[in-house]
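Data block for input_4.cif (mmCIF, C-alpha atoms):
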data_start
#
loop_
_atom_site.group_PDB
_atom_site.id
_atom_site.type_symbol
_atom_site.label_atom_id
_atom_site.label_comp_id
_atom_site.auth_asym_id
_atom_site.auth_seq_id
_atom_site.Cartn_x
_atom_site.Cartn_y
_atom_site.Cartn_z
ATOM 1 C CA MET A 1 107.967 87.947 114.857
ATOM 2 C CA ALA A 2 111.635 88.364 114.040
ATOM 3 C CA ILE A 3 111.912 91.976 115.272
ATOM 4 C CA ASP A 4 110.572 93.363 118.536
ATOM 5 C CA VAL A 5 112.092 96.751 119.367
ATOM 6 C CA THR A 6 110.857 99.291 121.922
ATOM 7 C CA VAL A 7 112.367 102.721 122.476
ATOM 8 C CA ARG A 8 111.249 104.930 125.367
ATOM 9 C CA ARG A 9 112.070 108.526 126.206
ATOM 10 C CA VAL A 10 110.926 111.066 128.751
ATOM 11 C CA LEU A 11 109.923 114.323 127.045
ATOM 12 C CA SER A 12 109.488 117.422 129.191
ATOM 13 C CA LEU A 13 106.137 118.336 127.651
ATOM 14 C CA PRO A 14 102.583 117.497 128.769
ATOM 15 C CA ARG A 15 101.312 114.106 127.612
ATOM 16 C CA GLU A 16 98.352 115.595 125.734
ATOM 17 C CA GLN A 17 100.625 117.871 123.702
ATOM 18 C CA VAL A 18 103.117 115.124 122.804
ATOM 19 C CA ALA A 19 100.409 112.575 121.985
ATOM 20 C CA GLU A 20 98.278 114.948 119.936
ATOM 21 C CA TYR A 21 101.257 115.831 117.764
ATOM 22 C CA ALA A 22 102.814 112.361 117.465
ATOM 23 C CA MET A 23 99.489 110.552 116.876
ATOM 24 C CA ASP A 24 98.521 112.872 113.997
ATOM 25 C CA TRP A 25 99.506 111.143 110.737
ATOM 26 C CA ARG A 26 99.923 114.572 109.087
ATOM 27 C CA HIS A 27 103.106 115.059 111.140
ATOM 28 C CA ASP A 28 104.698 111.649 110.431
ATOM 29 C CA ALA A 29 107.230 112.935 107.899
ATOM 30 C CA GLU A 30 108.248 115.820 110.178
ATOM 31 C CA TRP A 31 109.455 113.766 113.127
ATOM 32 C CA THR A 32 109.694 110.106 112.140
ATOM 33 C CA GLN A 33 112.987 108.872 110.659
ATOM 34 C CA GLY A 34 112.748 107.693 107.084
ATOM 35 C CA ILE A 35 109.116 108.599 106.421
ATOM 36 C CA ARG A 36 108.868 110.826 103.363
ATOM 37 C CA THR A 37 105.075 111.014 102.985
ATOM 38 C CA ALA A 38 101.976 109.904 104.849
ATOM 39 C CA GLU A 39 98.429 110.001 103.538
ATOM 40 C CA LEU A 40 95.103 109.048 105.097
ATOM 41 C CA THR A 41 93.854 106.603 102.467
ATOM 42 C CA ARG A 42 90.865 105.194 104.362
ATOM 43 C CA GLN A 43 88.865 107.004 107.003
ATOM 44 C CA ALA A 44 87.588 105.414 110.182
ATOM 45 C CA GLU A 45 83.948 104.278 110.138
ATOM 46 C CA GLY A 46 82.773 107.556 111.691
ATOM 47 C CA GLY A 47 85.032 109.599 109.393
ATOM 48 C CA GLY A 48 88.482 111.039 109.908
ATOM 49 C CA PHE A 49 91.254 109.302 111.798
ATOM 50 C CA GLY A 50 90.552 106.570 114.338
ATOM 51 C CA THR A 51 90.159 102.820 114.692
ATOM 52 C CA GLY A 52 89.829 101.275 111.230
ATOM 53 C CA ALA A 53 91.462 104.199 109.381
ATOM 54 C CA GLU A 54 94.407 103.446 107.095
ATOM 55 C CA VAL A 55 97.526 105.519 106.511
ATOM 56 C CA THR A 56 99.761 104.941 103.508
ATOM 57 C CA ARG A 57 103.398 105.818 104.151
ATOM 58 C CA THR A 58 106.379 106.076 101.843
ATOM 59 C CA ALA A 59 109.683 105.651 103.646
ATOM 60 C CA ARG A 60 113.380 105.074 103.076
ATOM 61 C CA PHE A 61 114.890 102.160 104.991
ATOM 62 C CA LEU A 62 118.343 100.710 104.398
ATOM 63 C CA GLY A 63 118.592 102.877 101.283
ATOM 64 C CA ARG A 64 115.405 101.536 99.699
ATOM 65 C CA ARG A 65 111.986 103.049 99.113
ATOM 66 C CA ILE A 66 109.258 101.223 101.005
ATOM 67 C CA ASP A 67 105.542 101.847 100.524
ATOM 68 C CA TYR A 68 103.228 100.409 103.144
ATOM 69 C CA VAL A 69 99.731 100.756 104.579
ATOM 70 C CA LEU A 70 99.025 100.703 108.316
ATOM 71 C CA ARG A 71 95.516 100.149 109.683
ATOM 72 C CA VAL A 72 94.643 101.660 113.061
ATOM 73 C CA ALA A 73 93.846 98.763 115.393
ATOM 74 C CA ALA A 74 93.443 100.889 118.532
ATOM 75 C CA TYR A 75 93.158 104.641 118.984
ATOM 76 C CA GLU A 76 92.882 105.876 122.568
ATOM 77 C CA PRO A 77 94.199 109.447 122.711
ATOM 78 C CA PRO A 78 96.255 110.602 124.505
ATOM 79 C CA ARG A 79 97.424 107.157 125.663
ATOM 80 C CA LEU A 80 97.720 104.749 122.713
ATOM 81 C CA LEU A 81 97.923 104.416 118.945
ATOM 82 C CA ASP A 82 98.292 100.846 117.684
ATOM 83 C CA MET A 83 98.713 100.148 113.958
ATOM 84 C CA VAL A 84 99.197 96.957 111.920
ATOM 85 C CA SER A 85 100.344 96.624 108.331
ATOM 86 C CA VAL A 86 97.775 95.527 105.766
ATOM 87 C CA ALA A 87 100.025 96.076 102.745
ATOM 88 C CA ALA A 88 103.780 96.058 103.240
ATOM 89 C CA PRO A 89 106.915 94.266 102.080
ATOM 90 C CA MET A 90 106.985 92.573 105.505
ATOM 91 C CA PRO A 91 104.566 92.198 108.438
ATOM 92 C CA MET A 92 104.682 95.173 110.795
ATOM 93 C CA HIS A 93 102.973 96.171 114.048
ATOM 94 C CA VAL A 94 103.666 99.684 115.389
ATOM 95 C CA THR A 95 102.516 100.882 118.809
ATOM 96 C CA TYR A 96 102.871 104.421 120.143
ATOM 97 C CA SER A 97 102.153 104.949 123.836
ATOM 98 C CA PHE A 98 102.230 108.011 126.064
ATOM 99 C CA GLU A 99 102.129 107.945 129.858
ATOM 100 C CA GLN A 100 102.297 110.777 132.336
ATOM 101 C CA HIS A 101 105.671 111.068 134.034
ATOM 102 C CA GLU A 102 106.926 113.300 136.840
ATOM 103 C CA ARG A 103 109.127 115.107 134.275
ATOM 104 C CA GLY A 104 106.487 115.296 131.515
ATOM 105 C CA THR A 105 105.656 112.372 129.233
ATOM 106 C CA LEU A 106 107.065 108.871 128.955
ATOM 107 C CA ALA A 107 106.766 108.262 125.202
ATOM 108 C CA ALA A 108 107.351 104.832 123.673
ATOM 109 C CA ILE A 109 107.404 103.360 120.180
ATOM 110 C CA ARG A 110 107.322 99.581 119.746
ATOM 111 C CA VAL A 111 107.877 97.983 116.339
ATOM 112 C CA ARG A 112 107.307 94.287 115.769
ATOM 113 C CA GLY A 113 107.588 92.412 112.522
ATOM 114 C CA GLY A 114 110.366 91.713 110.125
ATOM 115 C CA PRO A 115 111.324 89.860 107.025
ATOM 116 C CA GLY A 116 110.479 86.270 106.252
ATOM 117 C CA GLY A 117 112.247 83.577 104.270
ATOM 118 C CA LEU A 118 115.991 83.915 103.801
ATOM 119 C CA LEU A 119 115.870 87.583 104.776
ATOM 120 C CA ARG A 120 114.898 86.415 108.259
ATOM 121 C CA LEU A 121 118.614 85.703 108.740
ATOM 122 C CA ALA A 122 119.181 89.466 108.535
ATOM 123 C CA SER A 123 116.751 90.156 111.408
ATOM 124 C CA PRO A 124 119.514 91.312 113.792
ATOM 125 C CA LEU A 125 120.571 93.934 111.224
ATOM 126 C CA PHE A 126 116.960 95.030 110.693
ATOM 127 C CA ALA A 127 116.406 95.244 114.470
ATOM 128 C CA ARG A 128 119.546 97.378 114.921
ATOM 129 C CA GLN A 129 118.439 99.759 112.161
ATOM 130 C CA VAL A 130 114.903 100.005 113.555
ATOM 131 C CA ARG A 131 116.245 100.752 117.056
ATOM 132 C CA SER A 132 118.590 103.411 115.650
ATOM 133 C CA SER A 133 115.762 105.098 113.723
ATOM 134 C CA LEU A 134 113.353 105.036 116.668
ATOM 135 C CA THR A 135 115.997 106.431 119.009
ATOM 136 C CA LYS A 136 116.637 109.298 116.598
ATOM 137 C CA ASP A 137 112.872 109.989 116.404
ATOM 138 C CA TRP A 138 112.691 110.676 120.140
ATOM 139 C CA GLN A 139 116.064 112.451 120.299
ATOM 140 C CA SER A 140 115.508 115.043 117.658
ATOM 141 C CA GLY A 141 112.026 114.801 116.240
ATOM 142 C CA SER A 142 113.318 114.618 112.688
ATOM 143 C CA ALA A 143 116.371 113.923 110.594
ATOM 144 C CA SER A 144 117.254 117.629 110.723
ATOM 145 C CA GLY A 145 117.209 117.685 114.521
ATOM 146 C CA SER A 146 113.950 119.533 115.064
ATOM 147 C CA ALA A 147 110.231 118.951 115.005
ATOM 148 C CA ARG A 148 107.158 121.104 114.708
ATOM 149 C CA ILE A 149 105.756 121.072 118.209
ATOM 150 C CA PRO A 150 102.379 122.761 118.691
ATOM 151 C CA ALA A 151 102.562 125.769 120.988
ATOM 152 C CA SER A 152 99.333 124.536 122.568
ATOM 153 C CA PRO A 153 97.304 121.332 122.149
ATOM 154 C CA ARG A 154 94.520 123.178 120.279
ATOM 155 C CA SER A 155 96.905 124.417 117.595
ATOM 156 C CA ALA A 156 97.521 120.848 116.395
ATOM 157 C CA CYS A 157 94.066 120.851 114.803
ATOM 158 C CA SER A 158 95.107 123.174 111.990
ATOM 159 C CA VAL A 159 98.053 121.917 109.986
ATOM 160 C CA GLY A 160 100.383 124.685 108.884
ATOM 161 C CA SER A 161 98.965 127.088 111.472
ATOM 162 C CA PRO A 162 101.295 129.938 112.492
ATOM 163 C CA SER A 163 100.899 128.727 116.086
ATOM 164 C CA PHE A 164 103.198 125.796 115.283
ATOM 165 C CA THR A 165 106.797 126.456 116.273
ATOM 166 C CA ARG A 166 110.052 124.761 115.370
ATOM 167 C CA ALA A 167 111.573 123.285 118.493
ATOM 168 C CA THR A 168 113.932 120.515 119.490
ATOM 169 C CA TRP A 169 112.440 117.540 121.331
ATOM 170 C CA PRO A 170 113.384 118.132 124.974
ATOM 171 C CA SER A 171 116.180 116.108 126.534
ATOM 172 C CA ALA A 172 115.392 113.296 128.921
#

This entry written out as structure tokens:
Amino acid sequence: MAIDVTVRRVLSLPREQVAEYAMDWRHDAEWTQGIRTAELTRQAEGGGFGTGAEVTRTARFLGRRIDYVLRVAAYEPPRLLDMVSVAAPMPMHVTYSFEQHERGTLAAIRVRGGPGGLLRLASPLFARQVRSSLTKDWQSGSASGSARIPASPRSACSVGSPSFTRATWPSA
């Protein structure tokens, strides 16, 4: 694939708390650069979110609207969420991973994919933009510099709950 970008950051929060929030598609637009909406458009075989589920996202990238569908290839909370595009303007493979770290959580996002044909020549530009967006995700949690971090892991189960607080992603 033309693009293979990984961004890692140590967050001073417990792994379960970071993973539960970041792996919940309902929070995508709150902390992920460019994503405007996310919708669960196909449930996993047993219902809800998990392996086989599909999430449709609408994003802005390089000034353009992009609609794409990611299918969950692996879902192993709180360690791994692996998603592949099944409908997108270009092939995409997105992996979120969360490992325990002495200072909290080592969080990583890896994006592989990229344009084909003549646009493949622009892969270095695409890779730079992807890296910039992913870095901003871990730095601030959202374009406005803050993210809704659950006060406790249980509070992440109820979207819009008063137990959610606005907080800045911790520094590394």

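Using all atoms listed in the file for every distance, the candidate list A:Met83, A:Gly114, A:Thr41, A:Phe98 yields A:Phe98 as the residue closest to Tyr21 in chain A.
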
- Message: Here's the selection I'm unsure about, the PyMOL selection byres ((chain A and resi 56) around 9); applied to the file above, which residues does it give, as a ChimeraX atom specification?
- Response: /A:37-42,54-55,57-58,67-71,87

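In terms of minimum interatomic distance to Ser85 in chain A, A:Ala53 ranks closest within A:Ala53, A:Val7, A:Ala108, A:Val18, counting all atoms listed in the file.
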
- Which distance in Å separates CA of Phe49 in chain A and CA of Glu20 in chain A, to one decimal? 12.1 Å

- Task: Take CA of Arg110 in chain A and CA of Arg26 in chain A and report the distance between them in Å, one decimal.
- Result: 19.8 Å

- Any idea what the distance is between CA of Ser97 in chain A and CA of Leu11 in chain A? 12.6 Å

- Query: Which residue out of A:Ile66, A:Gly50, A:Thr105, A:Gly113 has the minimum interatomic distance to Asp82 in chain A when all atoms listed in the file are used?
  - Reply: A:Gly50

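Nearest residue to Gly104 in chain A among A:Leu13, A:Ile35, A:Ala88, A:Val72 is A:Leu13, counting all atoms listed in the file.
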
- Item | Expansion of the PyMOL selection byres ((chain A and resi 5) around 6) into residues, as a list in words | Asp4, Thr6, Arg110 and Val111 of chain A

Export C-alpha atoms of the chosen residues as a PDB file, in the coordinates of the input?
ATOM      1  CA  ASP A   4     110.572  93.363 118.536  1.00  0.00           C
ATOM      2  CA  THR A   6     110.857  99.291 121.922  1.00  0.00           C
ATOM      3  CA  ARG A 110     107.322  99.581 119.746  1.00  0.00           C
ATOM      4  CA  VAL A 111     107.877  97.983 116.339  1.00  0.00           C
TER       5      VAL A 111
END
